[in-house]
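Asks: Before anything else, here's the structure in question.
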Amino acid sequence: MSSDSQGSVKGEAAMMLSPSGSTSSQGPPLSPSTTSKPPELPDELVQAGWSKCWSRRENRPYYFNRFTNQSLWEVPVLGQHDVISDPLGLNAAPAESGDSTLGNGQRKRRSSEEQGAGPNSFKRTKVEPTTPISPSTPGVKPWSSAPEDKQVLSATPTTPCPAPAPYRPAVIYWDLDVQTNAVIRERPPANHLPPHPEIELQRAQLVTKLRQHYHELCHQREGIEPPRESFNRWLLERKVIDKGHDPLLPSDCDPIISPSMFREVMNDIPIRLSRIKYKEEARKLLFKYAEAAKKMIDSRNASPESRKVVKWNAEDTMSWLRRDHSASKEDYMDRLEHLRQQCGPHVAAVAKDSVEGICSKIYQLSAEYSRRLRQTHLSLLQDPPSETCASPQQSRLVYCYPVRLVIPSPPLPRVELHFENDVACLRFRGEMVKVNRGHFCKLELLYRYSCIDDPRFEKFLSRVWCLLKRYQVMFGSNANEGTGLQGALPVSVFEALNRQFGVSFECFASPLNCYFKQFCSAFPDIDGFFGSRGPFLSFCPVSGSFEANPPFCEELMDAMVTHFEELLEQSSEPLSFIVFVPEWRDPVTPALTRMEASRFLRHQLSVPAYEHEYRSGSQHICKRDEMYYRAVHGTAVLFLQNDAGFAKWSPTPERLAELTAAYRPSSSRTSSLSSPGPAHIAPGDRDSAAKASDRTQSGVMSPGAHDGNNNNSSCSSGSSGSPQDKMANM
C-alpha cells in the first residue's frame, strides 16, 4: 500500500473512530515550522482557501490560497478581489486610507517601479491548469448544506465591506452535515486501478460500440429493435455476479448467457407488442403478429408440427380479420391472446438458439473490451500492481469510511472547466460533460470530506470528469435513458427517516444523487474519492440505521435480500434496514416475497400509486421543474431489523405517521405525472403492468414499458395477464 497517496489504513480507521467527519486533510503546500505553532486563521479565511505556511528561504510565515495559488506576506483581508474571477479588482473592497497601499499589502504600480520587492509586495504564482476554480468566492464563508427550500442565510455582519457573493444553490437536495452511525470492521484498501481520463474516454467509446453491436445483432438476426433499456438492465444483472476487474464491463460471469437479456429479447419476438388505446390499433397489432409469426416459422428450421400449428392459426386469424369488421377492441385483444398462446411456444423454440447467440456474443465482446482496457490502464501506471493475497478480515470496529485505493494515482491530464449560466462544463479531448453548479459545489464538498491524497485539489477536475463520464456511459445516449437508475427519495422523506429512525446511510446511491455523505454505490474506484463506501453487496456493517432504495432489477433485489438476512443474522448490535421497493403483485417479485416472509420484518407500509413522488435520476443536469415525478406504481416500505435494532428504532405509529406525511407530494413544487422515459400507465392498470410478462417465456408488454423510481433499470418486466387487463385502460 502506498503511504504517499492513500495513507495508512490503521491511521485512517483511527480517524474514523470519531463520527465528527473531519477526516480530510487540506494542508498547505509547505509544512509550517515545527518550532512555533502559528495561531489559527479566522474561519472565514480558512473556508475561502487561505492557510498559513512557513517560508524556509525567508524564515518567516506567509499566506497561501489553494483556490487561486495566490501567496501573500501579510494576513489576507476579507473582501479582497479574486485575481482569477476579478482581475481588475472592480469588486474589491475600497482601501481604508487614502495612500497608495491596497488590501493585503498590495501596492499600486508606479511608473518608476522604485518600490522593488518589499515586505508588502507579493509574488503572483502561475495558475496551474489542473487547479480547480472553487465555487466559493474568497472572503465569504461557503454555503452550508441546508434542507430543501430553506432560505439562504444573510451575509455575515462582521464583514467590513460586502464581497462578491459565492454561488449558492436556490434549492439543496442533500444534507452533508449528518454524521454516520454505521459501524464496520476495519478493512484494507481496495485493489482497484485508480481512474484516469484517458481510460475513461476509451471505456466510453467501447461501451458505445458494444451498444451498437447489440442493436445490430437484434436487427439482423431477429428483425427487431433492442428492447428499451435492456442493455442497461443487462449491465446491472451481470455486475451482480461479475468477478472481473473492470468497474463497468462484465468479463467474468457464470452463466455466460444473461437471463435478463435473453428474457427481454424473447419477449419482443416475433414483434414488440405495445399498449393499445383504440380499436384500429388492436386490429392492426393482431394482423402484424399473425403475419410475423407465419413469416418467422417459414424462415427458420422448425419442426413440421410447429409449422403446421403456427401457419394454421395465423391463416385462421387473417381470415377472421377479413371476414369480421364489426369486432370490438376487446374481441381483438381476446383473439391476440389466443394466438399468442397457440403460437408463442413454437416461435420461442425456433428463436432460442439465435437469441442465446446474441447474449453470448455481447458478453464475449464485453470480456475482450475489458481485457484490452486493463492492459492499457496498467501501462499508464507508474508502479503497476503486483498480485497479492487477500488480506485477513480485521476485527477492529470503526465508523464507516470511504473506499481507499492501495495503488497510487498517476499524474492526471488537464481537464478544462468553464461555466455556462448555472451549468459547469468540463472538457477533455473534445468530450464535454455537464453538471449544474449546485451539484458541482456538492462534489467539491464530498471530495474535501473524503479524498486524502489530493489536498490541493490538483486532480479534482480530472476525477469529476471521470465520474460524470462513467455515469453518462452507464445511462446511455438516448433521451431520458437510464435516468431511473438514479431515482431517489424526496428530501422530506430523508429528513423524516433521519429524525425518526436515525437513518444516516444510503445503501444504493451515487455522488450525484446521495442525500448523506456516506453511501454505497456501483463504482468504488471513482466514487470512493467522493464518499462512497463501495458496492453494498460487499459492504458488511455491524450496526447502524440504513435506507435501501435499489435499482429495480430483480436479480439485484434478490441478492440484496440475501445480504440483509446474513447481516441481521450475524449481528447482535442495533441494525436496521428500511427498504423501498415497487409493490408489484402480478406476479409478486421474489425479493418482495422473501422480505414479507422474513423473521426480521417488523412492519410493512404501502404507499399507493400516484400519491407519492421521487427525484429524477438526472437531477444533476435537469431543470428544476423536472426534478420530481409521480410514481405510477405502489411502493412497499419494509422495516427489517434485528432485536436490538427494533428496540432502538421501532416503527411506532407516531414515527410511521410522520414518514407517511413526508411522502405526500408537496404543493410547493411541481412534478410530472410519471417517471421520465416510458409511456404513461393509466391508474386503472395494475402496478406491474409492464413488469411480469418478462418473467414468462413470452409476454404482451415491452420490457422497458414500466416506470417509477428506479424501475427504468428493472432487469425483468412484462405481464402474465391478458391483453385487456394490461392495455384496455390505455
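As shown in the C-alpha cells, the chain order sets the letters A, B, ...; within each chain, residues go from 1, and ligands are also counted from 1 in the order they appear.
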Contacts of Glu583 in chain A at 6 Å or less, counting only C-alpha atoms, minus same-chain residues fewer than 3 places along, as a list of chain:residue names?
Replies: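 Close residues of Glu583 in chain A: A:Gly634, A:Thr635, A:Ala636.
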Asks: Give me the residues near Gln375 in chain A as a list in words, where near means some atom within 12 Å (using only C-alpha atoms) and where sequence neighbours in that chain fewer than 5 positions away do not count.
Replies: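 My list of contacting residues is Leu193, Ile199, His245, Asp246, Glu368, Tyr369, Ser370, Leu380, Leu381 and Pro384 of chain A.
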Asks: With only C-alpha atoms as the counted atoms, please give the residues lying no more than 10 Å from Gln202 in chain A, apart from itself and same-chain residues fewer than 3 positions off, as a PyMOL selection string.
Replies: chain A and resi 197-199+205-208+369+372-373+376
Asks: Using N, CA and C atoms, can you write the selected residues to a file as a tab-separated table (two decimals), in the first residue's frame?
Replies:
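Saved the output as out_36.tsv:
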chain	number	residue	atom	x	y	z
A	197	PRO	N	-8.61	9.88	-16.98
A	197	PRO	CA	-9.46	10.35	-18.08
A	197	PRO	C	-9.23	9.63	-19.40
A	198	GLU	N	-7.99	9.26	-19.71
A	198	GLU	CA	-7.72	8.56	-20.95
A	198	GLU	C	-8.45	7.21	-20.97
A	199	ILE	N	-8.38	6.49	-19.87
A	199	ILE	CA	-9.04	5.19	-19.79
A	199	ILE	C	-10.55	5.35	-19.81
A	205	GLN	N	-16.03	4.91	-25.28
A	205	GLN	CA	-16.09	4.54	-26.70
A	205	GLN	C	-16.41	3.07	-26.89
A	206	LEU	N	-15.81	2.21	-26.05
A	206	LEU	CA	-16.05	0.77	-26.19
A	206	LEU	C	-17.46	0.39	-25.77
A	207	VAL	N	-17.99	1.02	-24.72
A	207	VAL	CA	-19.36	0.72	-24.31
A	207	VAL	C	-20.35	1.18	-25.39
A	208	THR	N	-20.09	2.34	-25.97
A	208	THR	CA	-20.95	2.81	-27.07
A	208	THR	C	-20.88	1.85	-28.25
A	369	TYR	N	-13.22	-6.35	-24.50
A	369	TYR	CA	-13.01	-4.92	-24.25
A	369	TYR	C	-12.45	-4.69	-22.86
A	372	ARG	N	-8.75	-5.53	-22.86
A	372	ARG	CA	-7.99	-4.50	-23.58
A	372	ARG	C	-7.84	-3.23	-22.74
A	373	LEU	N	-8.90	-2.85	-22.06
A	373	LEU	CA	-8.84	-1.66	-21.21
A	373	LEU	C	-7.86	-1.83	-20.06
A	376	THR	N	-4.22	-1.41	-21.20
A	376	THR	CA	-3.89	-0.01	-21.43
A	376	THR	C	-3.76	0.74	-20.11
Asks: With only C-alpha atoms as the counted atoms, please give the residues lying no more than 9 Å from range 652-657 of chain A, apart from itself and same-chain residues fewer than 5 positions off, as a PyMOL selection string.
Replies: chain A and resi 496-497+500-501+605+662
Asks: Next, write the just-selected residues to a file, as a compact mmCIF listing (two decimals), in the first residue's frame, keeping C-alpha atoms as the atom set.
Replies:
# COMPACT_ATOMS: atom_id res chain seq x y z
CA ALA A 496 -38.12 12.07 8.37
CA LEU A 497 -36.02 8.91 8.17
CA GLN A 500 -37.44 9.31 13.44
CA PHE A 501 -35.32 6.25 12.66
CA LEU A 605 -46.07 0.16 4.83
CA ALA A 662 -43.36 13.31 4.40
Asks: Residues near range 431-441 of chain A, anyone? I mean within 7 Å using only C-alpha atoms, not counting same-chain ones fewer than 6 positions away, as a ChimeraX atom specification.
Replies: /A:135,169,422-425,465,468-469,512,620-621
Asks: If you keep N, CA and C atoms, can you produce a file of those selected residues as an mmCIF file, in the first residue's frame?
Replies:
data_model
loop_
_atom_site.group_PDB
_atom_site.id
_atom_site.type_symbol
_atom_site.label_atom_id
_atom_site.label_comp_id
_atom_site.auth_asym_id
_atom_site.auth_seq_id
_atom_site.Cartn_x
_atom_site.Cartn_y
_atom_site.Cartn_z
ATOM 1 N N PRO A 135 -15.989 27.068 -6.354
ATOM 2 C CA PRO A 135 -17.242 27.814 -6.406
ATOM 3 C C PRO A 135 -17.365 28.828 -5.284
ATOM 4 N N PRO A 169 -26.802 27.559 -4.267
ATOM 5 C CA PRO A 169 -27.950 26.927 -4.918
ATOM 6 C C PRO A 169 -29.260 27.408 -4.320
ATOM 7 N N ASP A 422 -25.770 28.449 -15.205
ATOM 8 C CA ASP A 422 -25.697 27.656 -13.984
ATOM 9 C C ASP A 422 -25.208 26.242 -14.242
ATOM 10 N N VAL A 423 -24.501 26.028 -15.329
ATOM 11 C CA VAL A 423 -24.021 24.698 -15.690
ATOM 12 C C VAL A 423 -22.501 24.725 -15.771
ATOM 13 N N ALA A 424 -21.865 23.790 -15.082
ATOM 14 C CA ALA A 424 -20.414 23.620 -15.163
ATOM 15 C C ALA A 424 -20.109 22.650 -16.292
ATOM 16 N N CYS A 425 -19.228 23.051 -17.201
ATOM 17 C CA CYS A 425 -18.867 22.246 -18.365
ATOM 18 C C CYS A 425 -17.406 21.837 -18.238
ATOM 19 N N TRP A 465 -14.548 14.764 -14.019
ATOM 20 C CA TRP A 465 -14.829 14.401 -15.410
ATOM 21 C C TRP A 465 -15.012 12.893 -15.536
ATOM 22 N N LEU A 468 -18.496 11.889 -14.013
ATOM 23 C CA LEU A 468 -19.642 12.238 -14.854
ATOM 24 C C LEU A 468 -19.672 11.395 -16.123
ATOM 25 N N LYS A 469 -18.508 11.139 -16.688
ATOM 26 C CA LYS A 469 -18.457 10.332 -17.910
ATOM 27 C C LYS A 469 -18.891 8.902 -17.627
ATOM 28 N N LEU A 512 -23.799 11.774 -7.158
ATOM 29 C CA LEU A 512 -24.679 12.738 -7.809
ATOM 30 C C LEU A 512 -26.046 12.821 -7.147
ATOM 31 N N HIS A 620 -28.835 16.049 -11.537
ATOM 32 C CA HIS A 620 -27.615 16.855 -11.604
ATOM 33 C C HIS A 620 -27.538 17.681 -12.877
ATOM 34 N N ILE A 621 -28.493 17.501 -13.792
ATOM 35 C CA ILE A 621 -28.437 18.263 -15.032
ATOM 36 C C ILE A 621 -29.816 18.730 -15.491
#
Asks: Taking only C-alpha atoms into account, which of A:Ala644, A:Met560, A:Asp175, A:Ser55 comes nearest Pro590 in chain A?
Replies: A:Met560
Asks: If we count only C-alpha atoms and set the cut-off at 8 Å, which residues sit around range 294-297 of chain A, ignoring sequence neighbours fewer than 4 positions away in its own chain? Please answer as a ChimeraX atom specification.
Replies: /A:270,290,301-302,306-307,310-311,314,347,350
Asks: Put those residues in a file: N, CA and C atoms, as a short mmCIF file (atom, residue, chain, number, x, y, z; two decimals), in the first residue's frame.
Replies:
data_model
loop_
_atom_site.label_atom_id
_atom_site.label_comp_id
_atom_site.auth_asym_id
_atom_site.auth_seq_id
_atom_site.Cartn_x
_atom_site.Cartn_y
_atom_site.Cartn_z
N PRO A 270 -42.36 -12.52 -31.99
CA PRO A 270 -41.87 -12.05 -33.29
C PRO A 270 -41.92 -10.53 -33.49
N ALA A 290 -49.82 -12.01 -36.43
CA ALA A 290 -50.06 -13.23 -37.21
C ALA A 290 -49.12 -13.30 -38.41
N ASN A 301 -35.61 -23.11 -39.05
CA ASN A 301 -35.57 -24.57 -39.09
C ASN A 301 -36.51 -25.12 -38.02
N ALA A 302 -37.79 -25.11 -38.32
CA ALA A 302 -38.80 -25.56 -37.37
C ALA A 302 -39.27 -26.96 -37.72
N SER A 306 -44.63 -27.80 -35.62
CA SER A 306 -44.64 -26.37 -35.31
C SER A 306 -45.10 -25.56 -36.51
N ARG A 307 -44.60 -25.90 -37.70
CA ARG A 307 -45.03 -25.18 -38.90
C ARG A 307 -46.54 -25.30 -39.10
N VAL A 310 -48.52 -23.14 -36.30
CA VAL A 310 -48.39 -21.70 -36.45
C VAL A 310 -49.08 -21.22 -37.72
N LYS A 311 -48.85 -21.91 -38.83
CA LYS A 311 -49.44 -21.46 -40.10
C LYS A 311 -50.96 -21.56 -40.06
N ALA A 314 -52.25 -18.66 -37.81
CA ALA A 314 -52.04 -17.36 -38.45
C ALA A 314 -53.03 -17.16 -39.59
N VAL A 347 -42.82 -20.39 -31.68
CA VAL A 347 -41.95 -19.30 -32.12
C VAL A 347 -40.73 -19.18 -31.21
N VAL A 350 -37.99 -21.90 -32.01
CA VAL A 350 -37.12 -21.71 -33.17
C VAL A 350 -36.19 -20.50 -32.99
#
Asks: Counting only C-alpha atoms, what is within 8 Å of Phe639 in chain A, bar same-chain residues fewer than 2 positions away, as a compact mmCIF listing (two decimals) with N, CA and C atoms, in the first residue's frame?
Replies:
# COMPACT_ATOMS: atom_id res chain seq x y z
N SER A 576 -30.65 -1.89 11.41
CA SER A 576 -31.97 -1.63 10.83
C SER A 576 -31.83 -1.28 9.37
N PHE A 577 -32.70 -1.86 8.53
CA PHE A 577 -32.77 -1.55 7.10
C PHE A 577 -34.21 -1.18 6.76
N ILE A 578 -34.40 0.02 6.23
CA ILE A 578 -35.72 0.45 5.76
C ILE A 578 -35.66 0.40 4.23
N VAL A 579 -36.43 -0.50 3.65
CA VAL A 579 -36.30 -0.86 2.24
C VAL A 579 -37.49 -0.30 1.46
N LEU A 601 -38.78 -9.01 9.59
CA LEU A 601 -39.72 -7.98 9.19
C LEU A 601 -40.50 -7.48 10.42
N ARG A 602 -40.39 -6.19 10.71
CA ARG A 602 -41.09 -5.61 11.87
C ARG A 602 -42.35 -4.86 11.48
N HIS A 603 -42.35 -4.30 10.28
CA HIS A 603 -43.54 -3.56 9.83
C HIS A 603 -43.45 -3.39 8.32
N GLN A 604 -44.61 -3.29 7.70
CA GLN A 604 -44.67 -3.05 6.26
C GLN A 604 -45.67 -1.95 5.98
N VAL A 637 -42.78 -0.23 1.68
CA VAL A 637 -41.74 0.18 2.62
C VAL A 637 -41.67 -0.87 3.71
N GLN A 641 -35.29 -5.44 10.81
CA GLN A 641 -34.48 -5.08 11.98
C GLN A 641 -34.23 -6.31 12.84
N PRO A 651 -40.63 0.95 14.62
CA PRO A 651 -41.58 1.69 13.78
C PRO A 651 -42.91 1.91 14.51
Asks: Just list as JSON, numbers by chain whatever in range 417-622 of chain A DSSP marks as strand (DSSP E or B).
Replies: {"A": [417, 418, 419, 420, 423, 424, 425, 426, 427, 428, 431, 432, 433, 434, 435, 436, 488, 505, 506, 519, 532, 541, 542, 543, 544, 545, 546, 547, 548, 575, 576, 577, 578, 579, 580, 581, 582, 585, 588, 601, 602, 603, 604, 605, 606, 607, 613, 614, 615]}
Asks: Restricting the calculation to only C-alpha atoms, which member of A:Gly357, A:Pro535, A:Pro550, A:Gly617 is positioned closest to Glu481 in chain A?
Replies: A:Gly617
Asks: To one decimal in Å, tell me the separation between CA of His377 in chain A and CA of His196 in chain A.
Replies: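 Separation of CA of His377 in chain A and CA of His196 in chain A: 8.1 Å.
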Asks: Pick out the closest residue to Glu222 in chain A from this set: A:Asn267, A:Ser260, A:Gln570, A:Gln179. Count only C-alpha atoms.
Replies: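 Among the listed residues, the smallest separation from Glu222 in chain A belongs to A:Asn267.
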Asks: Please determine, counting only C-alpha atoms, which residue among A:Glu237, A:Glu225, A:Asp254, A:Glu315 has the shortest atom-to-atom distance to Arg272 in chain A.
Replies: A:Glu225
Asks: In Å to one decimal, how far is CA of Ser409 in chain A from CA of Phe530 in chain A?
Replies: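 Calculated distance between CA of Phe530 in chain A and CA of Ser409 in chain A is 15.1 Å.
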Asks: Please extract the residues of range 255-504 of chain A with a backbone DSSP assignment of helix (DSSP H, G or I) and present them as a VMD selection string.
Replies: chain A and resid 259 to 267 279 to 299 304 to 323 329 to 380 437 to 450 460 to 475 483 to 486 491 to 501
Asks: Between A:Arg322, A:Val265, A:Phe428, A:Ile407, single out the one closest to Ala351 in chain A, counting only C-alpha atoms.
Replies: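 Ranked by minimum distance to Ala351 in chain A, first place goes to A:Val265.
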Asks: Residues of range 333-442 of chain A that approach range 451-463 of chain A to 7 Å or less, counting only C-alpha atoms: could you list each one with the shortest pair of atoms and its distance in Å to one decimal, rows by chain and increasing residue number, as a tab-separated table?
Replies:
residue	atom	partner	partner_atom	distance
A:Leu412	CA	A:Lys459	CA	6.5
A:Arg414	CA	A:Ser462	CA	6.9
A:Val415	CA	A:Ser462	CA	5.6
